[in-house]
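Source file: entry_17.tsv (TSV, C-alpha atoms and all ligand atoms)
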chain	number	residue	atom	x	y	z
A	1	MET	CA	246.70	2.05	178.19
A	2	THR	CA	246.11	3.28	181.68
A	3	ASP	CA	242.77	4.64	182.67
A	4	THR	CA	243.29	8.43	182.76
A	5	ASP	CA	239.67	9.52	182.97
A	6	ASP	CA	239.97	10.62	186.53
A	7	GLU	CA	242.83	12.99	185.71
A	8	VAL	CA	241.09	14.91	182.91
A	9	PRO	CA	239.46	18.10	184.17
A	10	ARG	CA	235.84	18.35	183.19
A	11	ARG	CA	233.44	21.21	183.14
A	12	THR	CA	230.02	22.03	181.79
A	13	VAL	CA	228.79	24.89	179.61
A	14	GLU	CA	225.20	25.96	179.38
A	15	ILE	CA	223.52	26.56	176.04
A	16	PRO	CA	220.97	29.34	176.39
A	17	GLU	CA	217.50	28.47	175.22
A	18	ARG	CA	217.50	31.57	173.12
A	19	ILE	CA	220.47	33.37	171.63
A	20	GLU	CA	220.21	37.14	171.50
A	21	LEU	CA	221.67	38.28	168.22
A	22	PRO	CA	223.41	41.61	167.96
A	23	ARG	CA	221.26	44.06	166.05
A	24	LEU	CA	223.82	44.46	163.30
A	25	LEU	CA	222.92	40.97	162.20
A	26	ASP	CA	219.49	42.05	161.08
A	27	PHE	CA	218.88	42.76	157.44
A	28	TYR	CA	218.58	46.53	157.62
A	29	ASP	CA	221.28	49.16	157.44
A	30	LEU	CA	222.00	51.52	160.26
A	31	GLN	CA	220.90	54.77	158.73
A	32	ASP	CA	222.39	57.68	160.60
A	33	ALA	CA	225.36	59.82	159.64
A	34	GLU	CA	227.61	57.85	161.94
A	35	HIS	CA	227.01	54.63	160.02
A	36	THR	CA	226.34	55.51	156.40
A	37	ARG	CA	227.36	58.22	153.99
A	38	ILE	CA	223.96	57.99	152.28
A	39	HIS	CA	222.06	58.89	155.44
A	40	GLU	CA	220.37	61.73	153.54
A	41	PHE	CA	218.55	59.10	151.49
A	42	TYR	CA	217.08	57.64	154.69
A	43	ASP	CA	216.40	61.06	156.23
A	44	ARG	CA	214.39	61.97	153.15
A	45	LEU	CA	212.65	58.60	153.01
A	46	ARG	CA	211.59	59.00	156.63
A	47	GLU	CA	209.88	62.23	155.54
A	48	GLY	CA	208.19	60.47	152.62
A	49	ASP	CA	210.62	61.68	149.94
A	50	PHE	CA	212.00	58.85	147.81
A	51	SER	CA	215.26	60.14	146.40
A	52	THR	CA	218.62	59.29	144.99
A	53	THR	CA	221.83	60.97	143.89
A	54	GLN	CA	222.49	62.65	140.58
A	55	CYS	CA	225.94	63.67	139.39
A	56	GLU	CA	226.38	67.42	139.06
A	57	ASP	CA	229.21	66.94	136.59
A	58	CYS	CA	227.95	64.34	134.10
A	59	GLY	CA	224.26	64.22	134.97
A	60	ALA	CA	224.15	60.48	135.67
A	61	LEU	CA	221.27	59.39	137.87
A	62	HIS	CA	222.18	56.57	140.25
A	63	PHE	CA	220.26	54.07	142.24
A	64	PRO	CA	220.97	53.26	144.97
A	65	PRO	CA	222.45	56.61	146.01
A	66	ARG	CA	226.22	56.95	145.71
A	67	VAL	CA	228.92	58.99	147.32
A	68	VAL	CA	231.00	58.96	144.13
A	69	CYS	CA	229.65	58.91	140.58
A	70	PRO	CA	230.32	55.48	139.02
A	71	GLU	CA	230.36	57.10	135.56
A	72	CYS	CA	232.87	59.92	136.02
A	73	THR	CA	234.15	59.50	139.63
A	74	SER	CA	232.99	62.98	140.62
A	75	ASP	CA	231.89	63.36	144.22
A	76	ASP	CA	229.81	66.40	143.36
A	77	LEU	CA	226.43	64.73	143.75
A	78	GLU	CA	223.06	66.09	144.73
A	79	TYR	CA	219.94	64.38	145.99
A	80	VAL	CA	216.93	64.51	143.70
A	81	SER	CA	213.40	63.25	144.34
A	82	LEU	CA	212.16	60.20	142.49
A	83	PRO	CA	208.64	59.35	141.40
A	84	HIS	CA	206.67	57.09	143.72
A	85	GLU	CA	205.02	55.17	140.89
A	86	GLY	CA	206.40	52.58	138.57
A	87	THR	CA	205.71	49.33	136.77
A	88	LEU	CA	206.70	45.80	137.56
A	89	PHE	CA	209.53	44.78	135.26
A	90	ALA	CA	210.08	41.37	136.83
A	91	PHE	CA	209.18	39.59	140.04
A	92	SER	CA	209.78	36.44	142.00
A	93	ALA	CA	208.68	34.86	145.24
A	94	VAL	CA	210.98	34.00	148.12
A	95	ARG	CA	209.44	30.89	149.62
A	96	GLY	CA	212.07	30.00	152.19
A	97	GLY	CA	215.43	30.97	153.56
A	98	GLY	CA	214.59	34.66	153.80
A	99	PRO	CA	216.83	37.02	155.74
A	100	LEU	CA	216.47	37.20	159.50
A	101	GLY	CA	213.20	38.78	160.50
A	102	MET	CA	211.47	38.28	157.17
A	103	GLU	CA	208.57	35.91	157.01
A	104	THR	CA	208.31	33.83	153.89
A	105	PRO	CA	206.81	33.68	151.41
A	106	PHE	CA	207.19	37.22	150.13
A	107	VAL	CA	207.42	38.74	146.70
A	108	THR	CA	210.42	40.64	145.46
A	109	GLY	CA	210.54	42.47	142.19
A	110	VAL	CA	212.30	44.81	139.83
A	111	VAL	CA	210.44	48.08	139.44
A	112	GLU	CA	210.88	50.56	136.61
A	113	LEU	CA	210.10	54.00	137.95
A	114	ASP	CA	207.83	56.16	135.84
A	115	GLY	CA	209.52	58.88	133.81
A	116	VAL	CA	213.11	58.35	134.95
A	117	ASP	CA	215.83	55.93	133.98
A	118	VAL	CA	215.80	54.00	137.26
A	119	ARG	CA	215.17	50.30	137.63
A	120	LEU	CA	215.46	49.00	141.18
A	121	SER	CA	214.75	45.91	143.17
A	122	ALA	CA	212.38	46.00	146.09
A	123	ARG	CA	209.96	43.89	148.00
A	124	ILE	CA	206.45	43.94	146.62
A	125	THR	CA	204.24	44.13	149.66
A	126	ASP	CA	200.60	43.17	150.09
A	127	ALA	CA	200.80	41.03	147.00
A	128	GLU	CA	200.46	37.37	146.15
A	129	TYR	CA	202.83	36.07	143.52
A	130	ASP	CA	200.01	34.47	141.56
A	131	ASP	CA	198.09	37.74	141.35
A	132	LEU	CA	200.93	39.74	139.80
A	133	SER	CA	201.84	40.31	136.18
A	134	ILE	CA	204.74	42.01	134.47
A	135	GLY	CA	203.73	45.57	133.68
A	136	ASP	CA	201.52	45.98	136.74
A	137	SER	CA	201.45	49.45	138.26
A	138	VAL	CA	203.05	49.68	141.67
A	139	SER	CA	203.59	52.52	144.09
A	140	LEU	CA	205.97	53.30	146.92
A	141	VAL	CA	205.37	52.33	150.52
A	142	VAL	CA	207.62	53.64	153.28
A	143	THR	CA	207.93	50.99	155.95
A	144	GLU	CA	209.13	51.70	159.46
A	145	ILE	CA	211.23	49.09	161.21
A	146	GLU	CA	210.03	48.14	164.66
A	147	ASP	CA	213.27	47.06	166.28
A	148	GLY	CA	212.76	48.16	169.85
A	149	LEU	CA	215.71	50.52	169.48
A	150	ASP	CA	215.94	54.23	168.92
A	151	GLN	CA	217.12	54.01	165.34
A	152	GLN	CA	213.86	54.98	163.63
A	153	ARG	CA	214.90	53.02	160.60
A	154	VAL	CA	212.84	52.85	157.44
A	155	PHE	CA	212.99	51.11	154.12
A	156	TYR	CA	211.03	51.18	150.91
A	157	GLU	CA	208.71	48.67	149.33
A	158	PHE	CA	206.24	48.84	146.50
A	159	GLU	CA	202.63	47.71	146.49
A	160	PRO	CA	200.32	46.96	143.60
A	161	GLN	CA	198.07	49.85	142.71
A	162	SER	CA	194.43	49.02	142.82
A	163	GLU	CA	193.36	49.69	139.26
A	164	GLY	CA	189.64	50.24	139.22
A	165	GLU	CA	188.46	46.62	139.62
A	166	ASN	CA	188.49	44.90	136.24
A	167	ALA	CA	188.62	48.01	134.10
B	201	ZN	ZN	229.26	61.74	136.97

Take the structure in the file and write it out as structure tokens.
Ligand SMILES: [Zn+2]
Amino acid sequence: MTDTDDEVPRRTVEIPERIELPRLLDFYDLQDAEHTRIHEFYDRLREGDFSTTQCEDCGALHFPPRVVCPECTSDDLEYVSLPHEGTLFAFSAVRGGGPLGMETPFVTGVVELDGVDVRLSARITDAEYDDLSIGDSVSLVVTEIEDGLDQQRVFYEFEPQSEGENA
């Protein structure tokens, strides 16, 4: 065939050394009323109150908070405070491939809150996998997200409770 190279337009694109990701690609929810209908949960958490919704009609306690009761479909829900202490029901370590912004390894677990019928998953902070056991006491930590924005976002983790050094 004929040599057509000279007739093909060519151009160059530049690949930036660093790609700025939009903030919505981070792991954490936007927490204000404009972005989530459970913003009250985050408002309370920011003040140190760990809470969730309870159905006014059937009494079901949900976690995470809901806008409609999954048991009876009522939307008559109220926020109630939850205990800050619980026990480790199960746990695992994430050793790689964590979400953006999370350094591995970290421990994630299922926590049974004391005195209420709530079992939730959360990161277990300040803990080494090898030092943990099922049944360990853990307590709530409110963690602020430093994102350089004005969102003042928070999330919850649990940390092992220091239990009197080899009781
Ligand atoms: Zn209900």

May I ask you to write as a ChimeraX atom specification all residues lying at most 8 Å from ligand ZN 201 (chain B), with only C-alpha atoms and all ligand atoms counted? /A:54-60,68-77

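Going from CA of Pro105 (chain A) over to CA of Gly135 (chain A), you cover 21.6 Å.
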
Using only C-alpha atoms, the residue out of A:Pro160, A:Val94, A:Pro99, A:Val142 with shortest distance to Ile124 (chain A) is A:Pro160

Go ahead and compute the interatomic distance for CA of Asp32 (chain A) and CA of His62 (chain A), in Å to one decimal. 20.4 Å

Spatial neighbours of region 42-49 of chain A, max dist 12 Å, all atoms listed in the file, sep filter under 4 positions, as an MDAnalysis selection string: chainID A and resid 28:33 35:38 53 64:65 79:84 140:145 151:157

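Residue nearest Asp136 (chain A), chosen from A:Val67, A:Leu88, A:Val8, A:Val116 and counting all atoms listed in the file: A:Leu88.
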
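You will find CA of Glu146 (chain A) at 25.3 Å from CA of Phe63 (chain A).
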
For region 29-93 of chain A of the structure just presented, write C-alpha atoms to a file, as an mmCIF file, in the first residue's frame.
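Generated file (selection-v5.cif):
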data_model
loop_
_atom_site.group_PDB
_atom_site.id
_atom_site.type_symbol
_atom_site.label_atom_id
_atom_site.label_comp_id
_atom_site.auth_asym_id
_atom_site.auth_seq_id
_atom_site.Cartn_x
_atom_site.Cartn_y
_atom_site.Cartn_z
ATOM 1 C CA ASP A 29 -19.949 9.970 52.897
ATOM 2 C CA LEU A 30 -20.829 13.591 52.534
ATOM 3 C CA GLN A 31 -22.681 14.175 55.747
ATOM 4 C CA ASP A 32 -24.789 17.291 55.503
ATOM 5 C CA ALA A 33 -28.515 17.567 54.901
ATOM 6 C CA GLU A 34 -27.938 18.301 51.248
ATOM 7 C CA HIS A 35 -26.269 14.938 50.683
ATOM 8 C CA THR A 36 -27.753 12.443 53.113
ATOM 9 C CA ARG A 37 -31.055 11.915 54.839
ATOM 10 C CA ILE A 38 -29.261 10.495 57.882
ATOM 11 C CA HIS A 39 -27.306 13.691 58.496
ATOM 12 C CA GLU A 40 -28.651 13.756 62.062
ATOM 13 C CA PHE A 41 -26.566 10.669 62.769
ATOM 14 C CA TYR A 42 -23.423 12.565 61.749
ATOM 15 C CA ASP A 43 -24.491 15.774 63.513
ATOM 16 C CA ARG A 44 -24.870 13.801 66.718
ATOM 17 C CA LEU A 45 -21.644 11.874 66.192
ATOM 18 C CA ARG A 46 -19.771 15.143 65.725
ATOM 19 C CA GLU A 47 -21.037 16.103 69.197
ATOM 20 C CA GLY A 48 -19.919 12.765 70.633
ATOM 21 C CA ASP A 49 -23.358 11.124 70.610
ATOM 22 C CA PHE A 50 -23.360 7.721 68.902
ATOM 23 C CA SER A 51 -26.926 7.150 67.796
ATOM 24 C CA THR A 52 -29.235 5.369 65.442
ATOM 25 C CA THR A 53 -32.891 5.278 64.469
ATOM 26 C CA GLN A 54 -35.662 3.435 66.240
ATOM 27 C CA CYS A 55 -39.105 2.887 64.773
ATOM 28 C CA GLU A 56 -41.869 4.677 66.647
ATOM 29 C CA ASP A 57 -44.452 2.253 65.315
ATOM 30 C CA CYS A 58 -42.935 -1.216 65.802
ATOM 31 C CA GLY A 59 -40.006 -0.412 68.086
ATOM 32 C CA ALA A 60 -37.337 -1.909 65.819
ATOM 33 C CA LEU A 61 -33.850 -0.582 66.434
ATOM 34 C CA HIS A 62 -31.802 -0.210 63.256
ATOM 35 C CA PHE A 63 -28.166 0.119 62.478
ATOM 36 C CA PRO A 64 -27.094 1.907 60.415
ATOM 37 C CA PRO A 65 -29.785 4.584 60.760
ATOM 38 C CA ARG A 66 -32.681 4.380 58.308
ATOM 39 C CA VAL A 67 -35.175 6.741 56.816
ATOM 40 C CA VAL A 68 -37.804 4.000 56.564
ATOM 41 C CA CYS A 69 -38.218 1.078 58.957
ATOM 42 C CA PRO A 70 -37.146 -2.147 57.203
ATOM 43 C CA GLU A 71 -39.515 -4.126 59.462
ATOM 44 C CA CYS A 72 -42.798 -2.270 58.999
ATOM 45 C CA THR A 73 -42.021 0.449 56.375
ATOM 46 C CA SER A 74 -43.004 3.251 58.742
ATOM 47 C CA ASP A 75 -41.106 6.487 58.305
ATOM 48 C CA ASP A 76 -41.915 7.550 61.848
ATOM 49 C CA LEU A 77 -38.425 7.072 63.237
ATOM 50 C CA GLU A 78 -36.593 8.773 66.050
ATOM 51 C CA TYR A 79 -32.918 8.987 66.882
ATOM 52 C CA VAL A 80 -31.818 7.274 70.072
ATOM 53 C CA SER A 81 -28.386 7.237 71.700
ATOM 54 C CA LEU A 82 -26.359 4.049 71.666
ATOM 55 C CA PRO A 83 -23.853 2.807 74.218
ATOM 56 C CA HIS A 84 -20.207 3.551 73.473
ATOM 57 C CA GLU A 85 -18.980 0.200 74.759
ATOM 58 C CA GLY A 86 -19.202 -3.218 73.261
ATOM 59 C CA THR A 87 -17.411 -6.496 72.702
ATOM 60 C CA LEU A 88 -15.581 -7.838 69.711
ATOM 61 C CA PHE A 89 -17.761 -10.432 68.014
ATOM 62 C CA ALA A 90 -15.410 -11.044 65.096
ATOM 63 C CA PHE A 91 -12.457 -9.338 63.472
ATOM 64 C CA SER A 92 -10.152 -9.480 60.516
ATOM 65 C CA ALA A 93 -7.169 -7.632 59.137
#
